[in-house]
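Q: Before I ask anything, let me first share the structure, which is written out below as structure tokens.
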Amino acid sequence: MSNKPKGKLALYWAASCGGCEIAVLAIDDKILKVAEAFDIVLWPCAADGKVHDIEKMADQSIDLCLFNGGIRTSEQEYMAQLLRRKSKVLVALGSCANEGCIPGLGNLNTRKEVFDTVYKEGSSTVPENPQDVRPQAETEMPEGTLHLPVFYDTLKTLAQTVDVDYFLPGCPPEAENIWTALVAILEGKLPPKGSVIGVNTTVCDECKRTRHEKKIKKFYRTWQIIPDEETCLLEQGLMCCGIATRAGCGALCPKVNSPCIGCHGGNDGVDDYGARLMSGVASVIDSNDPDEIDQIISEGIPDPVGTFYRFSLASSELRRKKKVAAE
Amino acid sequence: MENFEPKIVGFLCNWCSYRAADLAGSARIKYPPNVRIIRVMCSGRVDPTFVFKALADGADGVMIAGCHPGECHYIEQNYKAMRRFSMLKHTLDAMGVESDRVQLVWASAAEGQRLAEAIEKLVSDVKRLGPLKWPANWQEDESRLEALENIVKEHAEAMEVPQ
């Protein structure tokens with residue numbers, strides 16, 4: 001790696017928690033090899049580098065951009081467009097950029113509802129905000145007009161905003177997988193554009209638990225039972241998402257007796273992760289009576305969107321909850 | 001709203017419901033032309049993805065039709081359809097889609113009349129609910145483009161270096 005001229009690397013962070021940036025650092029001392037191979041031109045979390053420096057660079061002059069986070073504001077959309085233009089290879093890093101992740105669950109609400117919670121009903125903000133002050137996109141001051149980014153009603157994924165070259169799933173992606181992807185890029189051994197860098201099988205394949213024929217009479221929430229450590233969690237009635245979720249984590253959660261929550265999203269060819277998951281789970285419910293089936297589902301899965309689309313609501317076919325007209 | 005003709009996608013199983021539709025045709029039983037029928041081998045083949053995709057791509061309603069419970073050509077796959085349908089409805093409900101827009105119907109190959117009536121009911125239910133226009137849900141208002149232009153303008157001004 002060391003003989004080649006240094007490439008340019010950018011990392012950026014939009015609507016996300018920042019865990020993906022920490023996951024990049026979790027490759028440990030190999031980060032020094034990254035620094036050997038790349039000049040880091042932008043990484044707000046760990047290095048200096050300003051947006052206007054990126055704006056001055058020639059198009060396509062950044063060799064690799066790892067972009068994490070969904071697109072929730074106009075500023076994030078601008079940065080996605082800017083980094084797309086300036087980068088040869090744009091990678092959607094982590095669940096937020098891939099499929100919306102937890103910030104994408106905000107698509108169950110509108111901007112107004114989100115702001116009401118934060119500025120009007122929130123226990124920590126209300127005493128500080130008796131006049132119900134809200135952020136405004138434009139404010140007139142004697143010196144001129146000030147702008148704040150516009151907050152969108154609907155969070156979009158990176159691929160719904162700009163053209164993305166590769167996808168690296170996970171919440172956060174495992175450090176080994178990030179390193180594998182970096183090596184592939186450094187050595188120029190890249191899969192076809194649009195690929196997910198990872199394996200194409202399910203978490204069940206990596207899970208060591210014993211499996212039998214599945215018949216579910218009742219779903220349990222994780223706090224209701226302590227599952228046995230040998231048997232498949234789904235068979236025990238826990239909503240384990242492993243059956244529909246892309247492998248690559250080594251079945252981390254089932255290994256510690258906790259059901260898979262589906263952070264890697266679906267495998268290749270799956271257009272709607274939640275639909276595939278509910279399809280699989282529903283088919284093993286042990287009842288042929290419509291009323292009993294309804295009861296098993298409504299009692300056992302009180303929050304279907306949070307269960308099936310915990311990470312993928314923004315990238316699902318429907319993308320968001322229906323907006324009520326009077327907004 | 002007066003002239004609203006809903007677009008309905010119907011997934012009909014090859015062995016019962018599709019033949020019921022055929023029978024309705026040869027018996028000259030009338031039903032509204034709003035439903036676009038897609039033949040699937042079994043109602044158990046209908047992945048909830050199909051329904052979400054239909055709604056997201058502009059359908060106002062969806063019908064899933066199969067053999068009566070206990071009469072499936074593939075022994076018990078229509079029970080799977082029944083369970084998936086229950087799960088699907090539960091989820092659609094949480095997403096704000098009115099429950100009458102997606103209906104499950106059992107119609108045997110001899111029940112052309114029953115299928116025609118079910119289609120009539122679905123079309124009138126969806127007419128009452130109005131157009132779905134799902135993609136409009138994720139369109140942002142005009143403040144988005146304005147804000148994007150403002151960012152570009154402000155950055156351009158900030159970057160000017162005085163000579």
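Residue numbering restarts at 1 in every chain; chains get A, B, ... in the order shown in the structure tokens, and ligands count up from 1 in that same order.
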Counting only C-alpha atoms, collect the residues of chain B whose closest atom lies at most 9 Å from chain A, and write them out as a PyMOL selection string.
A: chain B and resi 47-50+52-53+55-57+69+77+79-88+90-92+94-97+134-141+143-145+147-148+150-152+155-156+158-159
Q: Keeping N, CA and C atoms for every residue in the selection just given, could you write it to a file as a CSV table (one decimal), in the first residue's frame?
A:
chain,number,residue,atom,x,y,z
B,47,ASP,N,-46.4,-12.1,-1.2
B,47,ASP,CA,-45.6,-11.5,-0.2
B,47,ASP,C,-46.1,-10.1,0.1
B,48,PRO,N,-46.1,-9.7,1.4
B,48,PRO,CA,-46.6,-8.4,1.8
B,48,PRO,C,-45.9,-7.3,0.9
B,49,THR,N,-44.7,-7.6,0.5
B,49,THR,CA,-44.0,-6.6,-0.4
B,49,THR,C,-44.8,-6.2,-1.6
B,50,PHE,N,-45.5,-7.2,-2.2
B,50,PHE,CA,-46.3,-6.9,-3.4
B,50,PHE,C,-47.4,-5.8,-3.0
B,52,PHE,N,-47.4,-3.6,-0.5
B,52,PHE,CA,-46.8,-2.3,-0.2
B,52,PHE,C,-46.3,-1.6,-1.5
B,53,LYS,N,-45.8,-2.4,-2.4
B,53,LYS,CA,-45.3,-1.9,-3.7
B,53,LYS,C,-46.4,-1.3,-4.5
B,55,LEU,N,-49.3,-0.2,-3.4
B,55,LEU,CA,-49.8,1.1,-2.8
B,55,LEU,C,-48.8,2.2,-3.1
B,56,ALA,N,-47.5,1.9,-2.9
B,56,ALA,CA,-46.5,3.0,-3.1
B,56,ALA,C,-46.4,3.4,-4.5
B,57,ASP,N,-46.7,2.5,-5.5
B,57,ASP,CA,-46.6,2.9,-6.9
B,57,ASP,C,-47.9,3.4,-7.4
B,69,PRO,N,-60.5,-21.6,2.9
B,69,PRO,CA,-59.6,-22.3,3.9
B,69,PRO,C,-60.0,-23.8,3.9
B,77,GLN,N,-51.4,-23.6,2.1
B,77,GLN,CA,-50.7,-22.3,1.9
B,77,GLN,C,-51.7,-21.1,2.0
B,79,TYR,N,-53.7,-20.8,4.4
B,79,TYR,CA,-53.6,-20.4,5.8
B,79,TYR,C,-52.5,-19.4,6.0
B,80,LYS,N,-51.4,-19.7,5.3
B,80,LYS,CA,-50.3,-18.7,5.4
B,80,LYS,C,-50.7,-17.4,4.9
B,81,ALA,N,-51.4,-17.4,3.8
B,81,ALA,CA,-51.9,-16.1,3.3
B,81,ALA,C,-52.8,-15.4,4.4
B,82,MET,N,-53.6,-16.2,5.1
B,82,MET,CA,-54.5,-15.6,6.1
B,82,MET,C,-53.7,-15.0,7.2
B,83,ARG,N,-52.6,-15.7,7.6
B,83,ARG,CA,-51.8,-15.2,8.7
B,83,ARG,C,-51.0,-13.9,8.3
B,84,ARG,N,-50.5,-14.0,7.0
B,84,ARG,CA,-49.7,-12.8,6.5
B,84,ARG,C,-50.7,-11.6,6.4
B,85,PHE,N,-51.9,-11.9,6.0
B,85,PHE,CA,-52.8,-10.8,5.8
B,85,PHE,C,-53.1,-10.1,7.1
B,86,SER,N,-53.3,-10.9,8.2
B,86,SER,CA,-53.5,-10.4,9.5
B,86,SER,C,-52.3,-9.5,9.9
B,87,MET,N,-51.1,-10.0,9.7
B,87,MET,CA,-49.9,-9.2,10.0
B,87,MET,C,-49.8,-8.0,9.2
B,88,LEU,N,-50.2,-8.1,7.9
B,88,LEU,CA,-50.1,-7.0,7.0
B,88,LEU,C,-51.1,-5.9,7.4
B,90,HIS,N,-52.3,-5.3,10.3
B,90,HIS,CA,-51.8,-4.7,11.6
B,90,HIS,C,-50.8,-3.7,11.3
B,91,THR,N,-49.9,-3.9,10.4
B,91,THR,CA,-48.9,-3.0,10.0
B,91,THR,C,-49.4,-1.8,9.2
B,92,LEU,N,-50.3,-2.1,8.3
B,92,LEU,CA,-50.9,-1.0,7.5
B,92,LEU,C,-51.7,0.0,8.4
B,94,ALA,N,-50.9,0.7,11.4
B,94,ALA,CA,-49.9,1.6,12.1
B,94,ALA,C,-49.3,2.6,11.1
B,95,MET,N,-49.4,2.3,9.8
B,95,MET,CA,-48.9,3.3,8.8
B,95,MET,C,-49.9,4.3,8.4
B,96,GLY,N,-51.1,4.2,8.9
B,96,GLY,CA,-52.2,5.1,8.5
B,96,GLY,C,-52.9,4.8,7.3
B,97,VAL,N,-52.8,3.5,6.8
B,97,VAL,CA,-53.6,3.1,5.6
B,97,VAL,C,-54.9,2.6,6.1
B,134,TRP,N,-50.1,7.8,-2.5
B,134,TRP,CA,-49.1,7.6,-1.5
B,134,TRP,C,-47.8,8.4,-1.7
B,135,PRO,N,-47.3,8.4,-3.0
B,135,PRO,CA,-46.0,9.1,-3.1
B,135,PRO,C,-46.0,10.6,-2.7
B,136,ALA,N,-47.2,11.2,-2.7
B,136,ALA,CA,-47.2,12.6,-2.2
B,136,ALA,C,-46.8,12.7,-0.8
B,137,ASN,N,-46.9,11.6,0.0
B,137,ASN,CA,-46.6,11.6,1.4
B,137,ASN,C,-45.1,12.0,1.7
B,138,TRP,N,-44.2,11.7,0.7
B,138,TRP,CA,-42.8,12.0,1.0
B,138,TRP,C,-42.3,13.1,0.2
B,139,GLN,N,-43.2,13.9,-0.5
B,139,GLN,CA,-42.8,15.1,-1.1
B,139,GLN,C,-42.6,16.2,-0.1
B,140,GLU,N,-41.5,16.9,-0.1
B,140,GLU,CA,-41.3,18.0,0.8
B,140,GLU,C,-41.9,19.3,0.2
B,141,ASP,N,-42.2,20.3,1.0
B,141,ASP,CA,-42.8,21.5,0.5
B,141,ASP,C,-41.7,22.4,-0.2
B,143,SER,N,-40.1,24.9,0.6
B,143,SER,CA,-39.0,25.4,1.4
B,143,SER,C,-37.7,24.6,1.2
B,144,ARG,N,-37.8,23.4,0.8
B,144,ARG,CA,-36.6,22.5,0.6
B,144,ARG,C,-35.7,23.1,-0.5
B,145,LEU,N,-36.3,23.4,-1.7
B,145,LEU,CA,-35.4,23.9,-2.8
B,145,LEU,C,-34.9,25.2,-2.5
B,147,ALA,N,-34.2,26.4,0.5
B,147,ALA,CA,-33.1,26.3,1.4
B,147,ALA,C,-31.8,25.8,0.8
B,148,LEU,N,-32.0,24.9,-0.2
B,148,LEU,CA,-30.8,24.4,-0.8
B,148,LEU,C,-30.1,25.5,-1.6
B,150,ASN,N,-30.3,28.7,-1.0
B,150,ASN,CA,-29.7,29.6,-0.1
B,150,ASN,C,-28.3,29.2,0.4
B,151,ILE,N,-28.2,27.9,0.7
B,151,ILE,CA,-26.9,27.3,1.1
B,151,ILE,C,-25.8,27.6,0.1
B,152,VAL,N,-26.1,27.3,-1.2
B,152,VAL,CA,-25.2,27.5,-2.2
B,152,VAL,C,-24.8,28.9,-2.3
B,155,HIS,N,-22.7,30.1,0.7
B,155,HIS,CA,-21.3,29.6,0.7
B,155,HIS,C,-20.5,30.3,-0.4
B,156,ALA,N,-21.1,30.6,-1.5
B,156,ALA,CA,-20.4,31.3,-2.6
B,156,ALA,C,-19.9,32.7,-2.1
B,158,ALA,N,-19.5,33.7,1.0
B,158,ALA,CA,-18.5,33.5,2.1
B,158,ALA,C,-17.1,33.2,1.6
B,159,MET,N,-17.1,32.5,0.4
B,159,MET,CA,-15.8,32.1,-0.1
B,159,MET,C,-15.1,33.1,-0.9
Q: Among region 16-155 of chain B, which residues carry a DSSP assignment of strand (DSSP E or B), reported as a PDB file with N, CA and C atoms, in the first residue's frame?
A:
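In the end it all went to result.pdb:
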ATOM      1  N   VAL B  35     -60.407  -3.185 -11.287  1.00  0.00           N
ATOM      2  CA  VAL B  35     -59.404  -4.090 -10.735  1.00  0.00           C
ATOM      3  C   VAL B  35     -58.509  -4.652 -11.839  1.00  0.00           C
ATOM      4  N   ARG B  36     -57.172  -4.531 -11.616  1.00  0.00           N
ATOM      5  CA  ARG B  36     -56.190  -5.096 -12.541  1.00  0.00           C
ATOM      6  C   ARG B  36     -55.737  -6.415 -11.944  1.00  0.00           C
ATOM      7  N   ILE B  37     -56.096  -7.485 -12.614  1.00  0.00           N
ATOM      8  CA  ILE B  37     -55.873  -8.799 -12.014  1.00  0.00           C
ATOM      9  C   ILE B  37     -54.500  -9.355 -12.371  1.00  0.00           C
ATOM     10  N   ILE B  38     -53.798  -9.820 -11.348  1.00  0.00           N
ATOM     11  CA  ILE B  38     -52.517 -10.498 -11.559  1.00  0.00           C
ATOM     12  C   ILE B  38     -52.685 -11.929 -11.058  1.00  0.00           C
ATOM     13  N   ARG B  39     -52.406 -12.885 -11.932  1.00  0.00           N
ATOM     14  CA  ARG B  39     -52.579 -14.279 -11.531  1.00  0.00           C
ATOM     15  C   ARG B  39     -51.323 -14.761 -10.805  1.00  0.00           C
ATOM     16  N   VAL B  40     -51.512 -15.298  -9.614  1.00  0.00           N
ATOM     17  CA  VAL B  40     -50.400 -15.920  -8.890  1.00  0.00           C
ATOM     18  C   VAL B  40     -50.771 -17.395  -8.693  1.00  0.00           C
ATOM     19  N   GLY B  61     -56.107   0.581  -3.893  1.00  0.00           N
ATOM     20  CA  GLY B  61     -56.546  -0.545  -3.086  1.00  0.00           C
ATOM     21  C   GLY B  61     -55.979  -1.837  -3.639  1.00  0.00           C
ATOM     22  N   VAL B  62     -55.996  -2.880  -2.805  1.00  0.00           N
ATOM     23  CA  VAL B  62     -55.449  -4.176  -3.222  1.00  0.00           C
ATOM     24  C   VAL B  62     -56.398  -5.280  -2.780  1.00  0.00           C
ATOM     25  N   MET B  63     -56.604  -6.258  -3.679  1.00  0.00           N
ATOM     26  CA  MET B  63     -57.380  -7.438  -3.307  1.00  0.00           C
ATOM     27  C   MET B  63     -56.485  -8.670  -3.374  1.00  0.00           C
ATOM     28  N   ILE B  64     -56.556  -9.502  -2.333  1.00  0.00           N
ATOM     29  CA  ILE B  64     -55.876 -10.801  -2.370  1.00  0.00           C
ATOM     30  C   ILE B  64     -56.982 -11.850  -2.337  1.00  0.00           C
ATOM     31  N   ALA B  65     -57.000 -12.752  -3.313  1.00  0.00           N
ATOM     32  CA  ALA B  65     -58.072 -13.747  -3.336  1.00  0.00           C
ATOM     33  C   ALA B  65     -57.492 -15.138  -3.523  1.00  0.00           C
ATOM     34  N   GLY B  66     -58.072 -16.091  -2.783  1.00  0.00           N
ATOM     35  CA  GLY B  66     -57.579 -17.469  -2.861  1.00  0.00           C
ATOM     36  C   GLY B  66     -58.697 -18.459  -2.627  1.00  0.00           C
ATOM     37  N   CYS B  72     -57.159 -25.450  -0.281  1.00  0.00           N
ATOM     38  CA  CYS B  72     -56.016 -24.967  -1.059  1.00  0.00           C
ATOM     39  C   CYS B  72     -55.442 -26.073  -1.935  1.00  0.00           C
ATOM     40  N   ILE B  75     -52.524 -27.601  -0.281  1.00  0.00           N
ATOM     41  CA  ILE B  75     -52.879 -28.122   1.035  1.00  0.00           C
ATOM     42  C   ILE B  75     -53.164 -27.033   2.078  1.00  0.00           C
ATOM     43  N   VAL B 102     -57.323  -2.722   1.679  1.00  0.00           N
ATOM     44  CA  VAL B 102     -56.711  -4.017   1.366  1.00  0.00           C
ATOM     45  C   VAL B 102     -57.628  -5.103   1.904  1.00  0.00           C
ATOM     46  N   GLN B 103     -58.152  -5.948   1.006  1.00  0.00           N
ATOM     47  CA  GLN B 103     -59.131  -6.943   1.429  1.00  0.00           C
ATOM     48  C   GLN B 103     -58.730  -8.339   0.971  1.00  0.00           C
ATOM     49  N   LEU B 104     -59.032  -9.296   1.846  1.00  0.00           N
ATOM     50  CA  LEU B 104     -58.767 -10.707   1.549  1.00  0.00           C
ATOM     51  C   LEU B 104     -60.105 -11.380   1.249  1.00  0.00           C
ATOM     52  N   VAL B 105     -60.160 -12.119   0.155  1.00  0.00           N
ATOM     53  CA  VAL B 105     -61.414 -12.744  -0.272  1.00  0.00           C
ATOM     54  C   VAL B 105     -61.161 -14.215  -0.564  1.00  0.00           C
ATOM     55  N   TRP B 106     -62.088 -15.067  -0.137  1.00  0.00           N
ATOM     56  CA  TRP B 106     -62.021 -16.476  -0.548  1.00  0.00           C
ATOM     57  C   TRP B 106     -63.090 -16.685  -1.611  1.00  0.00           C
TER      58      TRP B 106
END
Q: Mind giving me the straight-line distance from CA of Thr222 (chain A) to CA of Thr245 (chain A) in Å, one decimal?
A: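 Spanning CA of Thr222 (chain A) to CA of Thr245 (chain A) is a straight-line distance of 18.6 Å.
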Q: Excluding Glu206 (chain A) and any residue of its chain fewer than 5 positions from it, enumerate the residues within 10 Å of it, using only C-alpha atoms, and give them as a PyMOL selection string.
A: chain A and resi 201+242+247-252+254-255
Q: Can I get the selection written as a compact mmCIF listing (two decimals), in the first residue's frame, with C-alpha atoms?
A:
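result_0.txt written:
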# COMPACT_ATOMS: atom_id res chain seq x y z
CA THR A 201 -26.94 -14.94 3.80
CA GLY A 242 -32.38 -13.25 12.19
CA ALA A 247 -25.36 -11.91 8.21
CA GLY A 248 -21.91 -10.47 8.89
CA CYS A 249 -22.11 -9.84 12.61
CA GLY A 250 -21.50 -13.44 13.74
CA ALA A 251 -24.99 -13.52 15.33
CA LEU A 252 -23.81 -11.15 18.06
CA PRO A 254 -28.46 -14.27 19.79
CA LYS A 255 -25.03 -15.23 21.16
Q: I need the alpha helix (DSSP H) residues of region 58-130 of chain B per DSSP on the backbone, written as a PyMOL selection string.
A: chain B and resi 77-94+112-129
Q: Filtering to N, CA and C atoms, could you give me those residues as an mmCIF file, in the first residue's frame?
A:
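See part.cif below for the written result:
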data_model
loop_
_atom_site.group_PDB
_atom_site.id
_atom_site.type_symbol
_atom_site.label_atom_id
_atom_site.label_comp_id
_atom_site.auth_asym_id
_atom_site.auth_seq_id
_atom_site.Cartn_x
_atom_site.Cartn_y
_atom_site.Cartn_z
ATOM 1 N N GLN B 77 -51.410 -23.576 2.065
ATOM 2 C CA GLN B 77 -50.732 -22.290 1.874
ATOM 3 C C GLN B 77 -51.675 -21.097 2.027
ATOM 4 N N ASN B 78 -52.967 -21.321 1.808
ATOM 5 C CA ASN B 78 -53.866 -20.178 2.010
ATOM 6 C C ASN B 78 -54.011 -19.822 3.487
ATOM 7 N N TYR B 79 -53.694 -20.774 4.365
ATOM 8 C CA TYR B 79 -53.640 -20.407 5.788
ATOM 9 C C TYR B 79 -52.479 -19.444 6.040
ATOM 10 N N LYS B 80 -51.386 -19.671 5.308
ATOM 11 C CA LYS B 80 -50.253 -18.739 5.437
ATOM 12 C C LYS B 80 -50.660 -17.371 4.920
ATOM 13 N N ALA B 81 -51.428 -17.365 3.833
ATOM 14 C CA ALA B 81 -51.925 -16.088 3.308
ATOM 15 C C ALA B 81 -52.772 -15.396 4.369
ATOM 16 N N MET B 82 -53.602 -16.187 5.060
ATOM 17 C CA MET B 82 -54.483 -15.635 6.091
ATOM 18 C C MET B 82 -53.660 -14.999 7.224
ATOM 19 N N ARG B 83 -52.602 -15.691 7.635
ATOM 20 C CA ARG B 83 -51.770 -15.166 8.732
ATOM 21 C C ARG B 83 -50.994 -13.936 8.271
ATOM 22 N N ARG B 84 -50.478 -14.002 7.040
ATOM 23 C CA ARG B 84 -49.738 -12.840 6.536
ATOM 24 C C ARG B 84 -50.651 -11.643 6.383
ATOM 25 N N PHE B 85 -51.891 -11.928 5.968
ATOM 26 C CA PHE B 85 -52.835 -10.834 5.787
ATOM 27 C C PHE B 85 -53.117 -10.138 7.115
ATOM 28 N N SER B 86 -53.260 -10.938 8.161
ATOM 29 C CA SER B 86 -53.498 -10.367 9.486
ATOM 30 C C SER B 86 -52.313 -9.486 9.913
ATOM 31 N N MET B 87 -51.110 -9.978 9.681
ATOM 32 C CA MET B 87 -49.897 -9.224 10.023
ATOM 33 C C MET B 87 -49.809 -7.951 9.187
ATOM 34 N N LEU B 88 -50.151 -8.082 7.913
ATOM 35 C CA LEU B 88 -50.107 -6.958 6.983
ATOM 36 C C LEU B 88 -51.080 -5.859 7.405
ATOM 37 N N LYS B 89 -52.297 -6.271 7.768
ATOM 38 C CA LYS B 89 -53.314 -5.291 8.164
ATOM 39 C C LYS B 89 -52.888 -4.549 9.426
ATOM 40 N N HIS B 90 -52.316 -5.306 10.346
ATOM 41 C CA HIS B 90 -51.845 -4.742 11.612
ATOM 42 C C HIS B 90 -50.804 -3.657 11.314
ATOM 43 N N THR B 91 -49.923 -3.933 10.353
ATOM 44 C CA THR B 91 -48.869 -2.977 10.004
ATOM 45 C C THR B 91 -49.426 -1.792 9.220
ATOM 46 N N LEU B 92 -50.310 -2.073 8.252
ATOM 47 C CA LEU B 92 -50.902 -0.985 7.456
ATOM 48 C C LEU B 92 -51.656 -0.017 8.354
ATOM 49 N N ASP B 93 -52.314 -0.585 9.362
ATOM 50 C CA ASP B 93 -53.037 0.225 10.320
ATOM 51 C C ASP B 93 -52.090 1.218 11.000
ATOM 52 N N ALA B 94 -50.919 0.717 11.407
ATOM 53 C CA ALA B 94 -49.935 1.576 12.076
ATOM 54 C C ALA B 94 -49.346 2.612 11.117
ATOM 55 N N GLY B 112 -68.128 -17.297 -9.231
ATOM 56 C CA GLY B 112 -67.964 -16.076 -10.025
ATOM 57 C C GLY B 112 -68.786 -14.929 -9.455
ATOM 58 N N GLN B 113 -69.975 -15.240 -9.026
ATOM 59 C CA GLN B 113 -70.861 -14.217 -8.472
ATOM 60 C C GLN B 113 -70.258 -13.630 -7.202
ATOM 61 N N ARG B 114 -69.750 -14.517 -6.351
ATOM 62 C CA ARG B 114 -69.170 -14.078 -5.081
ATOM 63 C C ARG B 114 -67.967 -13.161 -5.325
ATOM 64 N N LEU B 115 -67.131 -13.526 -6.270
ATOM 65 C CA LEU B 115 -65.957 -12.709 -6.567
ATOM 66 C C LEU B 115 -66.381 -11.346 -7.119
ATOM 67 N N ALA B 116 -67.361 -11.361 -8.019
ATOM 68 C CA ALA B 116 -67.846 -10.100 -8.593
ATOM 69 C C ALA B 116 -68.385 -9.187 -7.498
ATOM 70 N N GLU B 117 -69.104 -9.767 -6.554
ATOM 71 C CA GLU B 117 -69.660 -8.956 -5.454
ATOM 72 C C GLU B 117 -68.535 -8.403 -4.573
ATOM 73 N N ALA B 118 -67.526 -9.238 -4.345
ATOM 74 C CA ALA B 118 -66.397 -8.784 -3.519
ATOM 75 C C ALA B 118 -65.663 -7.632 -4.200
ATOM 76 N N ILE B 119 -65.517 -7.717 -5.525
ATOM 77 C CA ILE B 119 -64.854 -6.634 -6.257
ATOM 78 C C ILE B 119 -65.700 -5.363 -6.181
ATOM 79 N N GLU B 120 -67.002 -5.537 -6.355
ATOM 80 C CA GLU B 120 -67.896 -4.384 -6.254
ATOM 81 C C GLU B 120 -67.779 -3.705 -4.890
ATOM 82 N N LYS B 121 -67.728 -4.525 -3.845
ATOM 83 C CA LYS B 121 -67.632 -3.980 -2.494
ATOM 84 C C LYS B 121 -66.307 -3.224 -2.320
ATOM 85 N N LEU B 122 -65.209 -3.851 -2.768
ATOM 86 C CA LEU B 122 -63.898 -3.217 -2.617
ATOM 87 C C LEU B 122 -63.862 -1.885 -3.367
ATOM 88 N N VAL B 123 -64.375 -1.875 -4.601
ATOM 89 C CA VAL B 123 -64.349 -0.640 -5.393
ATOM 90 C C VAL B 123 -65.184 0.447 -4.715
ATOM 91 N N SER B 124 -66.343 0.076 -4.183
ATOM 92 C CA SER B 124 -67.163 1.120 -3.560
ATOM 93 C C SER B 124 -66.535 1.591 -2.248
ATOM 94 N N ASP B 125 -65.896 0.678 -1.500
ATOM 95 C CA ASP B 125 -65.192 1.088 -0.271
ATOM 96 C C ASP B 125 -64.077 2.078 -0.606
ATOM 97 N N VAL B 126 -63.297 1.776 -1.646
ATOM 98 C CA VAL B 126 -62.161 2.631 -1.988
ATOM 99 C C VAL B 126 -62.663 3.962 -2.563
ATOM 100 N N LYS B 127 -63.756 3.928 -3.313
ATOM 101 C CA LYS B 127 -64.335 5.183 -3.822
ATOM 102 C C LYS B 127 -64.720 6.099 -2.673
ATOM 103 N N ARG B 128 -65.286 5.497 -1.648
ATOM 104 C CA ARG B 128 -65.686 6.270 -0.470
ATOM 105 C C ARG B 128 -64.453 6.883 0.214
ATOM 106 N N LEU B 129 -63.348 6.114 0.255
ATOM 107 C CA LEU B 129 -62.142 6.600 0.945
ATOM 108 C C LEU B 129 -61.393 7.646 0.128
#
Q: Record the distance separating CA of Val91 (chain A) and CA of Leu42 (chain A), expressed in Å with one decimal.
A: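 Atom-to-atom, CA of Val91 (chain A) to CA of Leu42 (chain A), that is 14.6 Å.
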Q: What is the CA of Leu238 (chain A)-CA of Asn267 (chain A) distance in Å, reported with one decimal?
A: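 Computing the Euclidean distance for CA of Leu238 (chain A) and CA of Asn267 (chain A) yields 21.7 Å.
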Q: Given the choices B:Gly130, B:Gly70, B:Glu111, B:Glu154, which gets closest to Ile29 (chain B) if the distance is worked out from only C-alpha atoms?
A: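 Nearest candidate to Ile29 (chain B) out of B:Gly130, B:Gly70, B:Glu111, B:Glu154: B:Glu111.
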Q: Counting only C-alpha atoms, what is within 9 Å of region 11-26 of chain A, bar same-chain residues fewer than 5 positions away, as an mmCIF file with C-alpha atoms, in the first residue's frame?
A:
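Output contents, as saved in part-v3.cif:
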data_model
loop_
_atom_site.group_PDB
_atom_site.id
_atom_site.type_symbol
_atom_site.label_atom_id
_atom_site.label_comp_id
_atom_site.auth_asym_id
_atom_site.auth_seq_id
_atom_site.Cartn_x
_atom_site.Cartn_y
_atom_site.Cartn_z
ATOM 1 C CA ILE A 31 -6.273 3.304 11.356
ATOM 2 C CA ILE A 40 -8.062 12.816 5.447
ATOM 3 C CA VAL A 41 -9.653 15.898 3.877
ATOM 4 C CA LEU A 42 -12.837 15.937 5.946
ATOM 5 C CA TRP A 43 -13.821 14.119 9.125
ATOM 6 C CA PRO A 44 -15.660 16.511 11.460
ATOM 7 C CA CYS A 45 -15.622 13.997 14.323
ATOM 8 C CA ALA A 46 -11.873 13.303 14.360
ATOM 9 C CA LEU A 64 -13.269 7.651 -1.090
ATOM 10 C CA CYS A 65 -16.073 9.151 0.952
ATOM 11 C CA LEU A 66 -17.650 7.204 3.803
ATOM 12 C CA PHE A 67 -20.997 8.865 4.431
ATOM 13 C CA ASN A 68 -23.040 7.900 7.452
ATOM 14 C CA GLY A 69 -26.447 9.180 8.457
ATOM 15 C CA GLY A 70 -29.801 9.751 6.841
ATOM 16 C CA ILE A 71 -30.907 12.989 5.173
ATOM 17 C CA ARG A 72 -33.210 14.950 7.431
ATOM 18 C CA THR A 73 -32.287 18.595 6.759
ATOM 19 C CA GLU A 75 -27.864 21.124 5.019
ATOM 20 C CA GLN A 76 -27.444 17.341 5.054
ATOM 21 C CA GLU A 77 -28.884 17.116 1.558
ATOM 22 C CA MET A 79 -23.497 17.941 1.914
ATOM 23 C CA ALA A 80 -24.619 14.684 0.300
ATOM 24 C CA LEU A 83 -19.618 14.988 -1.464
ATOM 25 C CA LEU A 93 -21.721 3.618 5.827
ATOM 26 C CA GLY A 94 -24.008 2.100 8.413
ATOM 27 C CA SER A 95 -27.708 1.572 8.785
ATOM 28 C CA CYS A 96 -28.746 5.265 8.788
ATOM 29 C CA ALA A 97 -27.271 6.014 5.374
ATOM 30 C CA GLY A 100 -32.745 5.284 7.685
ATOM 31 C CA CYS A 101 -32.218 3.378 10.936
ATOM 32 C CA ILE A 102 -33.600 4.764 14.211
ATOM 33 C CA PRO A 103 -33.744 8.412 12.964
ATOM 34 C CA GLY A 104 -35.888 7.011 10.117
ATOM 35 C CA LEU A 155 -36.058 11.374 6.458
ATOM 36 C CA GLY A 170 -24.906 -2.462 10.215
ATOM 37 C CA CYS A 171 -25.709 -0.399 13.265
ATOM 38 C CA PRO A 172 -22.835 0.178 13.478
ATOM 39 C CA PRO A 173 -20.943 -1.809 10.836
ATOM 40 C CA GLU A 174 -18.512 -4.219 12.483
ATOM 41 C CA ALA A 175 -14.927 -2.954 12.443
ATOM 42 C CA GLU A 176 -13.732 -6.067 10.530
ATOM 43 C CA ILE A 178 -15.151 -1.747 7.541
ATOM 44 C CA TRP A 179 -11.552 -2.902 7.268
#
Q: Excluding region 180-195 of chain A and any residue of its chain fewer than 2 positions from it, enumerate the residues within 8 Å of it, using only C-alpha atoms, and give them as a VMD selection string.
A: chain A and resid 1 37 164 to 167 176 to 178 197
